[in-house]
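coords_18.pdb follows (PDB, C-alpha atoms, pLDDT in the B column):
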ATOM      1  CA  GLY F1352     115.778 191.138 203.877  1.00 53.00           C
ATOM      2  CA  GLU F1353     114.447 188.407 201.644  1.00 60.00           C
ATOM      3  CA  LEU F1354     115.046 185.567 204.147  1.00 58.00           C
ATOM      4  CA  ARG F1355     113.017 187.197 206.939  1.00 59.00           C
ATOM      5  CA  PRO F1356     109.581 185.872 205.772  1.00 59.00           C
ATOM      6  CA  MET F1357     111.046 182.368 205.785  1.00 56.00           C
ATOM      7  CA  LEU F1358     111.995 182.497 209.484  1.00 59.00           C
ATOM      8  CA  CYS F1359     108.825 181.037 210.909  1.00 56.00           C
ATOM      9  CA  ALA F1360     107.606 177.938 212.720  1.00 53.00           C
ATOM     10  CA  ASP F1361     107.263 175.732 209.634  1.00 56.00           C
ATOM     11  CA  ALA F1362     109.696 174.472 207.012  1.00 64.00           C
ATOM     12  CA  VAL F1363     109.728 176.716 203.934  1.00 69.00           C
ATOM     13  CA  THR F1364     111.017 176.204 200.395  1.00 74.00           C
ATOM     14  CA  LYS F1365     111.672 179.266 198.213  1.00 73.00           C
ATOM     15  CA  LYS F1366     111.821 178.415 194.533  1.00 78.00           C
ATOM     16  CA  GLY F1367     113.833 180.402 192.004  1.00 78.00           C
ATOM     17  CA  GLU F1368     117.496 181.405 191.997  1.00 80.00           C
ATOM     18  CA  PRO F1369     118.928 180.932 194.484  1.00 81.00           C
ATOM     19  CA  ARG F1370     116.655 178.238 195.895  1.00 77.00           C
ATOM     20  CA  TYR F1371     116.306 178.078 199.696  1.00 76.00           C
ATOM     21  CA  TYR F1372     114.977 175.461 202.064  1.00 75.00           C
ATOM     22  CA  VAL F1373     114.631 176.656 205.658  1.00 71.00           C
ATOM     23  CA  GLU F1374     113.690 174.383 208.540  1.00 66.00           C
ATOM     24  CA  PRO F1375     113.447 175.551 212.151  1.00 62.00           C
ATOM     25  CA  LEU F1376     115.697 173.888 214.719  1.00 61.00           C
ATOM     26  CA  THR F1377     112.967 174.122 217.337  1.00 56.00           C
ATOM     27  CA  ARG F1378     109.332 174.265 216.418  1.00 54.00           C
ATOM     28  CA  ALA F1379     107.665 177.272 217.968  1.00 67.00           C
ATOM     29  CA  GLY F1380     104.611 176.322 219.957  1.00 80.00           C
ATOM     30  CA  TYR F1381     101.783 178.541 221.077  1.00 93.00           C
ATOM     31  CA  ALA F1382     101.462 180.164 224.461  1.00 96.00           C
ATOM     32  CA  TYR F1383      97.793 179.748 225.358  1.00 96.00           C
ATOM     33  CA  ILE F1384      96.546 182.158 227.991  1.00 95.00           C
ATOM     34  CA  PHE F1385      93.325 180.966 229.578  1.00 93.00           C
ATOM     35  CA  GLY F1386      91.746 183.965 231.265  1.00 90.00           C
ATOM     36  CA  GLY F1387      92.240 187.420 229.842  1.00 82.00           C
ATOM     37  CA  GLY F1388      91.974 189.458 233.036  1.00 88.00           C
ATOM     38  CA  HIS F1389      94.442 192.114 234.180  1.00 91.00           C
ATOM     39  CA  VAL F1390      97.476 189.796 234.384  1.00 92.00           C
ATOM     40  CA  GLY F1391      96.519 187.955 231.192  1.00 92.00           C
ATOM     41  CA  ALA F1392      96.213 191.282 229.368  1.00 93.00           C
ATOM     42  CA  ALA F1393      99.622 192.399 230.668  1.00 95.00           C
ATOM     43  CA  LEU F1394     101.165 189.043 229.731  1.00 96.00           C
ATOM     44  CA  VAL F1395     100.233 189.102 226.025  1.00 97.00           C
ATOM     45  CA  PRO F1396     102.552 191.938 224.887  1.00 97.00           C
ATOM     46  CA  VAL F1397     105.412 190.705 227.103  1.00 97.00           C
ATOM     47  CA  LEU F1398     105.277 187.178 225.655  1.00 96.00           C
ATOM     48  CA  ALA F1399     104.826 188.456 222.098  1.00 95.00           C
ATOM     49  CA  SER F1400     107.907 190.684 222.496  1.00 94.00           C
ATOM     50  CA  VAL F1401     110.059 187.632 223.316  1.00 94.00           C
ATOM     51  CA  ASP F1402     108.775 185.581 220.376  1.00 92.00           C
ATOM     52  CA  PHE F1403     106.023 183.483 221.922  1.00 95.00           C
ATOM     53  CA  ARG F1404     103.015 182.965 219.635  1.00 95.00           C
ATOM     54  CA  VAL F1405     100.200 184.049 221.939  1.00 96.00           C
ATOM     55  CA  VAL F1406      96.588 182.852 221.883  1.00 96.00           C
ATOM     56  CA  VAL F1407      94.072 184.183 224.426  1.00 96.00           C
ATOM     57  CA  TYR F1408      91.086 182.045 225.430  1.00 95.00           C
ATOM     58  CA  ASP F1409      88.329 183.547 227.561  1.00 94.00           C
ATOM     59  CA  ASN F1410      84.673 182.792 228.207  1.00 93.00           C
ATOM     60  CA  ARG F1411      83.614 186.443 228.560  1.00 93.00           C
ATOM     61  CA  PRO F1412      82.448 188.139 225.360  1.00 94.00           C
ATOM     62  CA  ASN F1413      83.554 191.585 226.589  1.00 90.00           C
ATOM     63  CA  PHE F1414      87.129 190.317 227.164  1.00 88.00           C
ATOM     64  CA  ALA F1415      87.600 187.863 224.290  1.00 93.00           C
ATOM     65  CA  THR F1416      88.058 190.423 221.519  1.00 94.00           C
ATOM     66  CA  PRO F1417      91.120 191.022 219.315  1.00 94.00           C
ATOM     67  CA  GLU F1418      91.018 194.726 220.246  1.00 94.00           C
ATOM     68  CA  HIS F1419      91.867 193.844 223.868  1.00 93.00           C
ATOM     69  CA  TYR F1420      94.961 191.866 222.799  1.00 95.00           C
ATOM     70  CA  PRO F1421      96.434 193.354 219.605  1.00 95.00           C
ATOM     71  CA  GLN F1422      99.683 191.359 219.977  1.00 96.00           C
ATOM     72  CA  ALA F1423      97.893 187.990 220.205  1.00 96.00           C
ATOM     73  CA  GLU F1424      97.848 185.765 217.112  1.00 95.00           C
ATOM     74  CA  ARG F1425      94.333 184.628 218.022  1.00 95.00           C
ATOM     75  CA  VAL F1426      91.655 185.466 220.548  1.00 96.00           C
ATOM     76  CA  ILE F1427      89.103 182.741 221.212  1.00 95.00           C
ATOM     77  CA  LEU F1428      85.728 183.168 222.907  1.00 95.00           C
ATOM     78  CA  GLY F1429      84.727 179.807 224.281  1.00 93.00           C
ATOM     79  CA  ASP F1430      83.431 177.803 227.199  1.00 92.00           C
ATOM     80  CA  TYR F1431      86.150 176.408 229.480  1.00 89.00           C
ATOM     81  CA  LEU F1432      84.340 173.059 229.457  1.00 89.00           C
ATOM     82  CA  ASP F1433      84.628 172.886 225.661  1.00 90.00           C
ATOM     83  CA  ILE F1434      88.234 173.905 224.958  1.00 90.00           C
ATOM     84  CA  GLY F1435      88.816 170.900 222.676  1.00 89.00           C
ATOM     85  CA  ALA F1436      86.271 172.241 220.204  1.00 91.00           C
ATOM     86  CA  HIS F1437      88.372 175.364 219.680  1.00 91.00           C
ATOM     87  CA  LEU F1438      91.991 174.215 219.828  1.00 90.00           C
ATOM     88  CA  THR F1439      94.337 171.241 220.021  1.00 90.00           C
ATOM     89  CA  LEU F1440      97.307 171.418 222.373  1.00 89.00           C
ATOM     90  CA  THR F1441     100.641 169.889 221.366  1.00 88.00           C
ATOM     91  CA  GLU F1442     103.762 169.058 223.364  1.00 85.00           C
ATOM     92  CA  ASN F1443     105.338 172.259 221.965  1.00 88.00           C
ATOM     93  CA  ASP F1444     102.663 174.499 223.485  1.00 92.00           C
ATOM     94  CA  TYR F1445     102.640 176.412 226.751  1.00 93.00           C
ATOM     95  CA  VAL F1446      99.493 176.874 228.808  1.00 93.00           C
ATOM     96  CA  CYS F1447      98.976 179.713 231.282  1.00 92.00           C
ATOM     97  CA  ILE F1448      95.844 179.321 233.373  1.00 89.00           C
ATOM     98  CA  MET F1449      95.060 182.717 234.818  1.00 85.00           C
ATOM     99  CA  PRO F1450      91.993 182.425 237.068  1.00 73.00           C
ATOM    100  CA  PRO F1451      91.454 185.085 239.703  1.00 65.00           C
ATOM    101  CA  GLY F1452      92.773 183.981 243.131  1.00 61.00           C
ATOM    102  CA  SER F1453      94.627 180.986 241.688  1.00 70.00           C
ATOM    103  CA  ARG F1454      97.009 180.070 244.545  1.00 61.00           C
ATOM    104  CA  HIS F1455      94.430 178.240 246.684  1.00 67.00           C
ATOM    105  CA  LYS F1456      93.129 176.355 243.638  1.00 76.00           C
ATOM    106  CA  ILE F1457      96.415 174.569 242.860  1.00 81.00           C
ATOM    107  CA  LYS F1458      95.949 171.656 245.293  1.00 83.00           C
ATOM    108  CA  SER F1459      92.338 171.044 244.337  1.00 83.00           C
ATOM    109  CA  THR F1460      93.183 171.240 240.626  1.00 82.00           C
ATOM    110  CA  CYS F1461      95.971 168.637 240.967  1.00 85.00           C
ATOM    111  CA  ALA F1462      93.634 166.347 242.946  1.00 87.00           C
ATOM    112  CA  TYR F1463      90.965 166.764 240.245  1.00 85.00           C
ATOM    113  CA  LEU F1464      93.450 165.935 237.467  1.00 86.00           C
ATOM    114  CA  MET F1465      94.607 162.750 239.222  1.00 90.00           C
ATOM    115  CA  GLU F1466      91.001 161.678 239.863  1.00 92.00           C
ATOM    116  CA  ASN F1467      90.418 162.069 236.133  1.00 89.00           C
ATOM    117  CA  GLY F1468      93.283 159.852 235.010  1.00 90.00           C
ATOM    118  CA  ILE F1469      96.265 162.195 234.775  1.00 88.00           C
ATOM    119  CA  PRO F1470      99.310 160.354 236.191  1.00 89.00           C
ATOM    120  CA  GLU F1471     100.984 162.060 239.143  1.00 86.00           C
ATOM    121  CA  GLU F1472     104.343 162.198 237.295  1.00 87.00           C
ATOM    122  CA  ASP F1473     102.691 164.329 234.573  1.00 86.00           C
ATOM    123  CA  LEU F1474     101.781 166.899 237.217  1.00 86.00           C
ATOM    124  CA  THR F1475     105.498 167.724 237.580  1.00 85.00           C
ATOM    125  CA  ARG F1476     105.172 169.565 234.249  1.00 84.00           C
ATOM    126  CA  ILE F1477     102.881 172.075 235.953  1.00 86.00           C
ATOM    127  CA  HIS F1478     104.558 175.217 237.259  1.00 85.00           C
ATOM    128  CA  ALA F1479     102.345 176.487 240.057  1.00 84.00           C
ATOM    129  CA  PRO F1480     102.146 179.124 241.181  1.00 83.00           C
ATOM    130  CA  ILE F1481     103.277 180.376 237.789  1.00 87.00           C
ATOM    131  CA  GLY F1482     106.135 182.842 237.459  1.00 91.00           C
ATOM    132  CA  LEU F1483     109.582 183.328 238.985  1.00 93.00           C
ATOM    133  CA  ASP F1484     109.375 184.753 242.489  1.00 93.00           C
ATOM    134  CA  ILE F1485     110.506 188.343 241.907  1.00 93.00           C
ATOM    135  CA  LEU F1486     108.014 189.694 244.474  1.00 93.00           C
ATOM    136  CA  GLY F1487     105.926 191.315 241.742  1.00 91.00           C
ATOM    137  CA  GLN F1488     102.714 192.993 242.830  1.00 93.00           C
ATOM    138  CA  THR F1489     101.191 194.704 239.800  1.00 94.00           C
ATOM    139  CA  PRO F1490      99.766 192.854 236.775  1.00 93.00           C
ATOM    140  CA  ALA F1491     102.743 194.091 234.694  1.00 96.00           C
ATOM    141  CA  GLU F1492     105.282 192.827 237.255  1.00 96.00           C
ATOM    142  CA  ILE F1493     103.516 189.470 237.535  1.00 94.00           C
ATOM    143  CA  ALA F1494     103.464 189.231 233.715  1.00 95.00           C
ATOM    144  CA  VAL F1495     107.245 189.791 233.645  1.00 97.00           C
ATOM    145  CA  SER F1496     107.746 187.036 236.256  1.00 96.00           C
ATOM    146  CA  ILE F1497     105.632 184.597 234.206  1.00 95.00           C
ATOM    147  CA  ALA F1498     107.419 185.490 230.969  1.00 96.00           C
ATOM    148  CA  ALA F1499     110.782 185.041 232.703  1.00 96.00           C
ATOM    149  CA  GLU F1500     109.863 181.524 233.826  1.00 95.00           C
ATOM    150  CA  MET F1501     108.611 180.665 230.334  1.00 94.00           C
ATOM    151  CA  ILE F1502     111.826 181.970 228.722  1.00 93.00           C
ATOM    152  CA  LEU F1503     113.864 179.862 231.159  1.00 93.00           C
ATOM    153  CA  HIS F1504     111.761 176.755 230.452  1.00 91.00           C
ATOM    154  CA  ARG F1505     111.958 177.313 226.679  1.00 90.00           C
ATOM    155  CA  ALA F1506     115.761 177.641 226.826  1.00 89.00           C
ATOM    156  CA  LYS F1507     116.098 174.461 228.912  1.00 88.00           C
ATOM    157  CA  ARG F1508     113.712 172.578 226.627  1.00 83.00           C
ATOM    158  CA  SER F1509     115.467 173.628 223.429  1.00 79.00           C
ATOM    159  CA  GLY F1510     118.912 172.941 224.854  1.00 76.00           C
ATOM    160  CA  THR F1511     120.054 176.541 224.368  1.00 69.00           C
ATOM    161  CA  ALA F1512     120.292 177.254 228.104  1.00 67.00           C
ATOM    162  CA  LYS F1513     123.816 178.152 229.144  1.00 68.00           C
ATOM    163  CA  LYS F1514     125.299 176.949 232.426  1.00 64.00           C
ATOM    164  CA  PRO F1515     125.419 179.625 235.136  1.00 64.00           C
ATOM    165  CA  ARG F1516     128.752 181.437 235.409  1.00 62.00           C
ATOM    166  CA  GLY F1517     131.299 179.535 237.392  1.00 61.00           C
ATOM    167  CA  GLU F1518     129.970 176.113 236.308  1.00 57.00           C
ATOM    168  CA  GLY F1519     131.820 174.113 233.645  1.00 52.00           C
TER     169      GLY F1519
END

Kindly present the structure from the file in structure tokens form.
Amino acid sequence: GELRPMLCADAVTKKGEPRYYVEPLTRAGYAYIFGGGHVGAALVPVLASVDFRVVVYDNRPNFATPEHYPQAERVILGDYLDIGAHLTLTENDYVCIMPPGSRHKIKSTCAYLMENGIPEEDLTRIHAPIGLDILGQTPAEIAVSIAAEMILHRAKRSGTAKKPRGEG
């Protein structure tokens, strides 16, 4: 009931009697989806349903509208070369880059990042191709595989992941 509005990403103090102070154990980051095509559109409601705070970023005016992604917290229309003008990423955020035909772009993207000063060890934080390999074919199935990998990563990162059965 009355505590529900206080269960959010930021610390909250409720004055009055009784007085409450609520602070999250893990700070919820945003899940930024760059590219709102078929898979991106399928991914938004799946991520939102498992408590990711979803933001869609697309450079196409006909895609980057709140009506296309009702479960997203924000939808940003912007140039991919000017992302910094629209948002600031933190270490708590997740980034899903959803270009069409992405598999062959992974190697060239990593080479580009290293040429531009990103240390090779930082590239280990990139999950590519994105998603657990559940042999999904449709945008909805691929969205489930991506969400599953993100849930797994979030659990490991927050320390709430349980050991598989039979271990420990």

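Nearest residue to Leu1438 of chain F, choosing from F:Ala1479, F:Arg1505, F:Phe1385, F:Pro1369 and counting only C-alpha atoms: F:Phe1385.
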
Counting all atoms listed in the file, the residue of F:Val1395, F:Tyr1371, F:Val1406, F:Ala1491 that sits nearest Asp1444 of chain F: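 When distances to Asp1444 of chain F are compared using all atoms listed in the file, the smallest one comes from F:Val1406.
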
Interatomic distance (Å, one decimal) between atom CA of Leu1503 of chain F and atom CA of Leu1474 of chain F: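 Separation between atom CA of Leu1503 of chain F and atom CA of Leu1474 of chain F: 18.7 Å.
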
Hits of the PyMOL selection byres ((chain F and resi 1420) around 10) in this structure, as a VMD selection string: chain F and resid 1387 1391 to 1396 1405 to 1407 1414 to 1419 1421 to 1426

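We find atom CA of Met1449 of chain F and atom CA of Ile1493 of chain F to be spaced 11.2 Å apart.
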
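Coordinates place atom CA of Ala1399 of chain F at a distance of 11.7 Å from atom CA of Tyr1383 of chain F.
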
Distance criterion (all atoms listed in the file): nearest to Ala1498 of chain F out of F:Tyr1445, F:Tyr1408, F:Tyr1372, F:Tyr1431: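 For Ala1498 of chain F, the nearest of the candidates is F:Tyr1445.
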
Nearest candidate to Glu1492 of chain F (options F:Tyr1381, F:Arg1411, F:Val1390, F:Thr1364; using all atoms listed in the file):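 When distances to Glu1492 of chain F are compared using all atoms listed in the file, the smallest one comes from F:Val1390.
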